[in-house]
file run.pdb (PDB, N, CA and C atoms)
ATOM      1  N   MET A 191     -15.093  -0.813  23.494  1.00  0.00           N
ATOM      2  CA  MET A 191     -14.459  -1.381  24.674  1.00  0.00           C
ATOM      3  C   MET A 191     -13.335  -2.347  24.275  1.00  0.00           C
ATOM      4  N   ARG A 192     -13.584  -3.135  23.233  1.00  0.00           N
ATOM      5  CA  ARG A 192     -12.537  -4.056  22.791  1.00  0.00           C
ATOM      6  C   ARG A 192     -11.348  -3.295  22.211  1.00  0.00           C
ATOM      7  N   VAL A 193     -11.609  -2.150  21.600  1.00  0.00           N
ATOM      8  CA  VAL A 193     -10.523  -1.336  21.053  1.00  0.00           C
ATOM      9  C   VAL A 193      -9.631  -0.840  22.176  1.00  0.00           C
ATOM     10  N   HIS A 194     -10.239  -0.354  23.242  1.00  0.00           N
ATOM     11  CA  HIS A 194      -9.470   0.133  24.393  1.00  0.00           C
ATOM     12  C   HIS A 194      -8.631  -0.994  24.987  1.00  0.00           C
ATOM     13  N   ALA A 195      -9.218  -2.158  25.148  1.00  0.00           N
ATOM     14  CA  ALA A 195      -8.491  -3.299  25.709  1.00  0.00           C
ATOM     15  C   ALA A 195      -7.349  -3.724  24.789  1.00  0.00           C
ATOM     16  N   ALA A 196      -7.594  -3.744  23.490  1.00  0.00           N
ATOM     17  CA  ALA A 196      -6.549  -4.133  22.538  1.00  0.00           C
ATOM     18  C   ALA A 196      -5.408  -3.123  22.546  1.00  0.00           C
ATOM     19  N   ARG A 197      -5.741  -1.836  22.544  1.00  0.00           N
ATOM     20  CA  ARG A 197      -4.690  -0.800  22.593  1.00  0.00           C
ATOM     21  C   ARG A 197      -3.849  -0.953  23.847  1.00  0.00           C
ATOM     22  N   HIS A 198      -4.489  -1.200  24.973  1.00  0.00           N
ATOM     23  CA  HIS A 198      -3.763  -1.356  26.234  1.00  0.00           C
ATOM     24  C   HIS A 198      -2.798  -2.544  26.151  1.00  0.00           C
ATOM     25  N   LEU A 199      -3.280  -3.673  25.661  1.00  0.00           N
ATOM     26  CA  LEU A 199      -2.415  -4.853  25.555  1.00  0.00           C
ATOM     27  C   LEU A 199      -1.260  -4.613  24.591  1.00  0.00           C
ATOM     28  N   ILE A 200      -1.523  -3.931  23.493  1.00  0.00           N
ATOM     29  CA  ILE A 200      -0.466  -3.659  22.512  1.00  0.00           C
ATOM     30  C   ILE A 200       0.596  -2.743  23.111  1.00  0.00           C
ATOM     31  N   GLN A 201       0.172  -1.734  23.850  1.00  0.00           N
ATOM     32  CA  GLN A 201       1.116  -0.765  24.413  1.00  0.00           C
ATOM     33  C   GLN A 201       1.892  -1.300  25.610  1.00  0.00           C
ATOM     34  N   PHE A 202       1.215  -2.012  26.493  1.00  0.00           N
ATOM     35  CA  PHE A 202       1.804  -2.308  27.793  1.00  0.00           C
ATOM     36  C   PHE A 202       2.184  -3.763  28.023  1.00  0.00           C
ATOM     37  N   THR A 203       2.076  -4.602  27.005  1.00  0.00           N
ATOM     38  CA  THR A 203       2.543  -5.978  27.148  1.00  0.00           C
ATOM     39  C   THR A 203       3.474  -6.306  25.996  1.00  0.00           C
ATOM     40  N   THR A 204       4.172  -7.393  26.140  1.00  0.00           N
ATOM     41  CA  THR A 204       5.018  -7.877  25.052  1.00  0.00           C
ATOM     42  C   THR A 204       4.371  -9.089  24.389  1.00  0.00           C
ATOM     43  N   ASP A 205       3.098  -9.310  24.671  1.00  0.00           N
ATOM     44  CA  ASP A 205       2.381 -10.432  24.057  1.00  0.00           C
ATOM     45  C   ASP A 205       2.404 -10.294  22.539  1.00  0.00           C
ATOM     46  N   PRO A 206       2.600 -11.398  21.833  1.00  0.00           N
ATOM     47  CA  PRO A 206       2.519 -11.347  20.370  1.00  0.00           C
ATOM     48  C   PRO A 206       1.108 -10.934  19.934  1.00  0.00           C
ATOM     49  N   LEU A 207       1.006 -10.329  18.780  1.00  0.00           N
ATOM     50  CA  LEU A 207      -0.298  -9.871  18.295  1.00  0.00           C
ATOM     51  C   LEU A 207      -1.271 -11.026  18.091  1.00  0.00           C
ATOM     52  N   THR A 208      -0.762 -12.209  17.794  1.00  0.00           N
ATOM     53  CA  THR A 208      -1.655 -13.369  17.648  1.00  0.00           C
ATOM     54  C   THR A 208      -2.350 -13.693  18.966  1.00  0.00           C
ATOM     55  N   ILE A 209      -1.621 -13.577  20.072  1.00  0.00           N
ATOM     56  CA  ILE A 209      -2.203 -13.829  21.394  1.00  0.00           C
ATOM     57  C   ILE A 209      -3.215 -12.738  21.736  1.00  0.00           C
ATOM     58  N   ILE A 210      -2.894 -11.493  21.424  1.00  0.00           N
ATOM     59  CA  ILE A 210      -3.818 -10.391  21.687  1.00  0.00           C
ATOM     60  C   ILE A 210      -5.092 -10.582  20.872  1.00  0.00           C
ATOM     61  N   ALA A 211      -4.950 -10.997  19.620  1.00  0.00           N
ATOM     62  CA  ALA A 211      -6.122 -11.256  18.783  1.00  0.00           C
ATOM     63  C   ALA A 211      -7.008 -12.336  19.408  1.00  0.00           C
ATOM     64  N   GLU A 212      -6.390 -13.400  19.922  1.00  0.00           N
ATOM     65  CA  GLU A 212      -7.147 -14.462  20.583  1.00  0.00           C
ATOM     66  C   GLU A 212      -7.853 -13.946  21.833  1.00  0.00           C
ATOM     67  N   LYS A 213      -7.162 -13.135  22.614  1.00  0.00           N
ATOM     68  CA  LYS A 213      -7.764 -12.576  23.823  1.00  0.00           C
ATOM     69  C   LYS A 213      -8.959 -11.680  23.504  1.00  0.00           C
ATOM     70  N   MET A 214      -8.920 -11.034  22.355  1.00  0.00           N
ATOM     71  CA  MET A 214     -10.016 -10.153  21.942  1.00  0.00           C
ATOM     72  C   MET A 214     -11.148 -10.924  21.266  1.00  0.00           C
ATOM     73  N   GLY A 215     -10.963 -12.245  21.096  1.00  0.00           N
ATOM     74  CA  GLY A 215     -12.018 -13.088  20.545  1.00  0.00           C
ATOM     75  C   GLY A 215     -12.022 -13.232  19.038  1.00  0.00           C
ATOM     76  N   PHE A 216     -10.901 -12.931  18.374  1.00  0.00           N
ATOM     77  CA  PHE A 216     -10.825 -13.051  16.928  1.00  0.00           C
ATOM     78  C   PHE A 216     -10.215 -14.388  16.543  1.00  0.00           C
ATOM     79  N   PRO A 217     -10.728 -15.002  15.473  1.00  0.00           N
ATOM     80  CA  PRO A 217     -10.226 -16.313  15.066  1.00  0.00           C
ATOM     81  C   PRO A 217      -8.839 -16.274  14.422  1.00  0.00           C
ATOM     82  N   SER A 218      -8.428 -15.090  13.930  1.00  0.00           N
ATOM     83  CA  SER A 218      -7.115 -14.994  13.273  1.00  0.00           C
ATOM     84  C   SER A 218      -6.547 -13.595  13.454  1.00  0.00           C
ATOM     85  N   ILE A 219      -5.239 -13.489  13.281  1.00  0.00           N
ATOM     86  CA  ILE A 219      -4.569 -12.198  13.365  1.00  0.00           C
ATOM     87  C   ILE A 219      -5.019 -11.302  12.216  1.00  0.00           C
ATOM     88  N   HIS A 220      -5.327 -11.873  11.075  1.00  0.00           N
ATOM     89  CA  HIS A 220      -5.771 -11.080   9.929  1.00  0.00           C
ATOM     90  C   HIS A 220      -7.107 -10.393  10.228  1.00  0.00           C
ATOM     91  N   ALA A 221      -8.031 -11.110  10.790  1.00  0.00           N
ATOM     92  CA  ALA A 221      -9.334 -10.521  11.130  1.00  0.00           C
ATOM     93  C   ALA A 221      -9.161  -9.406  12.156  1.00  0.00           C
ATOM     94  N   PHE A 222      -8.285  -9.615  13.101  1.00  0.00           N
ATOM     95  CA  PHE A 222      -8.024  -8.601  14.120  1.00  0.00           C
ATOM     96  C   PHE A 222      -7.355  -7.374  13.517  1.00  0.00           C
ATOM     97  N   SER A 223      -6.301  -7.581  12.722  1.00  0.00           N
ATOM     98  CA  SER A 223      -5.527  -6.471  12.166  1.00  0.00           C
ATOM     99  C   SER A 223      -6.300  -5.668  11.139  1.00  0.00           C
ATOM    100  N   SER A 224      -6.779  -6.342  10.124  1.00  0.00           N
ATOM    101  CA  SER A 224      -7.375  -5.645   8.986  1.00  0.00           C
ATOM    102  C   SER A 224      -8.796  -5.174   9.246  1.00  0.00           C
ATOM    103  N   ARG A 225      -9.590  -6.035   9.790  1.00  0.00           N
ATOM    104  CA  ARG A 225     -11.005  -5.716   9.910  1.00  0.00           C
ATOM    105  C   ARG A 225     -11.328  -4.914  11.148  1.00  0.00           C
ATOM    106  N   PHE A 226     -10.666  -5.198  12.226  1.00  0.00           N
ATOM    107  CA  PHE A 226     -11.027  -4.565  13.482  1.00  0.00           C
ATOM    108  C   PHE A 226     -10.136  -3.383  13.804  1.00  0.00           C
ATOM    109  N   PHE A 227      -8.891  -3.634  14.065  1.00  0.00           N
ATOM    110  CA  PHE A 227      -8.005  -2.592  14.556  1.00  0.00           C
ATOM    111  C   PHE A 227      -7.771  -1.496  13.536  1.00  0.00           C
ATOM    112  N   LYS A 228      -7.447  -1.868  12.308  1.00  0.00           N
ATOM    113  CA  LYS A 228      -7.150  -0.867  11.287  1.00  0.00           C
ATOM    114  C   LYS A 228      -8.377  -0.031  10.948  1.00  0.00           C
ATOM    115  N   MET A 229      -9.548  -0.648  10.925  1.00  0.00           N
ATOM    116  CA  MET A 229     -10.764   0.087  10.621  1.00  0.00           C
ATOM    117  C   MET A 229     -11.053   1.131  11.699  1.00  0.00           C
ATOM    118  N   VAL A 230     -10.836   0.778  12.949  1.00  0.00           N
ATOM    119  CA  VAL A 230     -11.149   1.683  14.057  1.00  0.00           C
ATOM    120  C   VAL A 230     -10.039   2.701  14.297  1.00  0.00           C
ATOM    121  N   GLU A 231      -8.798   2.237  14.301  1.00  0.00           N
ATOM    122  CA  GLU A 231      -7.663   3.097  14.641  1.00  0.00           C
ATOM    123  C   GLU A 231      -6.999   3.758  13.433  1.00  0.00           C
ATOM    124  N   GLY A 232      -7.214   3.215  12.243  1.00  0.00           N
ATOM    125  CA  GLY A 232      -6.602   3.781  11.049  1.00  0.00           C
ATOM    126  C   GLY A 232      -5.171   3.348  10.814  1.00  0.00           C
ATOM    127  N   THR A 233      -4.694   2.407  11.593  1.00  0.00           N
ATOM    128  CA  THR A 233      -3.336   1.893  11.449  1.00  0.00           C
ATOM    129  C   THR A 233      -3.307   0.437  11.894  1.00  0.00           C
ATOM    130  N   THR A 234      -2.254  -0.270  11.546  1.00  0.00           N
ATOM    131  CA  THR A 234      -2.143  -1.668  11.939  1.00  0.00           C
ATOM    132  C   THR A 234      -1.663  -1.774  13.388  1.00  0.00           C
ATOM    133  N   PRO A 235      -1.942  -2.889  14.036  1.00  0.00           N
ATOM    134  CA  PRO A 235      -1.476  -3.067  15.417  1.00  0.00           C
ATOM    135  C   PRO A 235       0.048  -3.008  15.543  1.00  0.00           C
ATOM    136  N   SER A 236       0.763  -3.561  14.571  1.00  0.00           N
ATOM    137  CA  SER A 236       2.231  -3.549  14.657  1.00  0.00           C
ATOM    138  C   SER A 236       2.770  -2.128  14.532  1.00  0.00           C
ATOM    139  N   PHE A 237       2.167  -1.301  13.662  1.00  0.00           N
ATOM    140  CA  PHE A 237       2.589   0.095  13.562  1.00  0.00           C
ATOM    141  C   PHE A 237       2.236   0.849  14.840  1.00  0.00           C
ATOM    142  N   TYR A 238       1.081   0.577  15.390  1.00  0.00           N
ATOM    143  CA  TYR A 238       0.646   1.213  16.626  1.00  0.00           C
ATOM    144  C   TYR A 238       1.611   0.900  17.776  1.00  0.00           C
ATOM    145  N   ARG A 239       2.088  -0.341  17.807  1.00  0.00           N
ATOM    146  CA  ARG A 239       3.007  -0.763  18.871  1.00  0.00           C
ATOM    147  C   ARG A 239       4.350  -0.036  18.771  1.00  0.00           C
ATOM    148  N   SER A 240       4.801   0.238  17.570  1.00  0.00           N
ATOM    149  CA  SER A 240       6.116   0.876  17.403  1.00  0.00           C
ATOM    150  C   SER A 240       6.066   2.347  17.556  1.00  0.00           C
TER     151      SER A 240
END

call {"tool": "encode", "arguments": {"input": "run.pdb", "output": "structure tokens"}}
result
Amino acid sequence: MRVHAARHLIQFTTDPLTIIAEKMGFPSIHAFSSRFFKMVEGTTPSFYRS
């Protein structure tokens, strides 16, 4: 569920990834990018956004 919410925010908002990480409950952008998003999606949030 958090993956779906994160993907939606990355695609449809201009919020910085640090803000999205905070909204998803992660203490840092690194924990969000490397441990969560990349593990589940296979790519980084910034690559996913582009």

call {"tool": "residues_around", "arguments": {"input": "run.pdb", "residues": "range 200-209 of chain A", "least_positions_apart": "4", "cutoff": "12 Å", "atoms": "only C-alpha atoms", "output": "list in words"}}
result
Val193, His194, Ala195, Ala196, Lys213, Met214, Gly215, Phe216, Pro217, Ser218, Ile219, His220, Ala221, Phe222, Ser223, Phe227, Thr234, Pro235, Ser236, Phe237, Tyr238, Arg239 and Ser240 of chain A

call {"tool": "atom_distance", "arguments": {"input": "run.pdb", "atom1": "atom C of Phe226 in chain A", "atom2": "atom C of Arg192 in chain A"}}
result
8.5 Å

call {"tool": "select_by_dssp", "arguments": {"input": "run.pdb", "residues": "chain A", "states": "alpha helix (DSSP H)", "output": "NGL selection string"}}
result
:A and (192-202 or 207-213 or 219-220 or 228-231 or 235-239)

call {"tool": "axis_aligned_box", "arguments": {"input": "run.pdb", "around": "range 217-228 of chain A", "padding_each_side": "3 Å", "output": "AutoDock Vina command-line options"}}
result
--center_x -7.9 --center_y -8.2 --center_z 12.2 --size_x 12.8 --size_y 22.3 --size_z 12.5
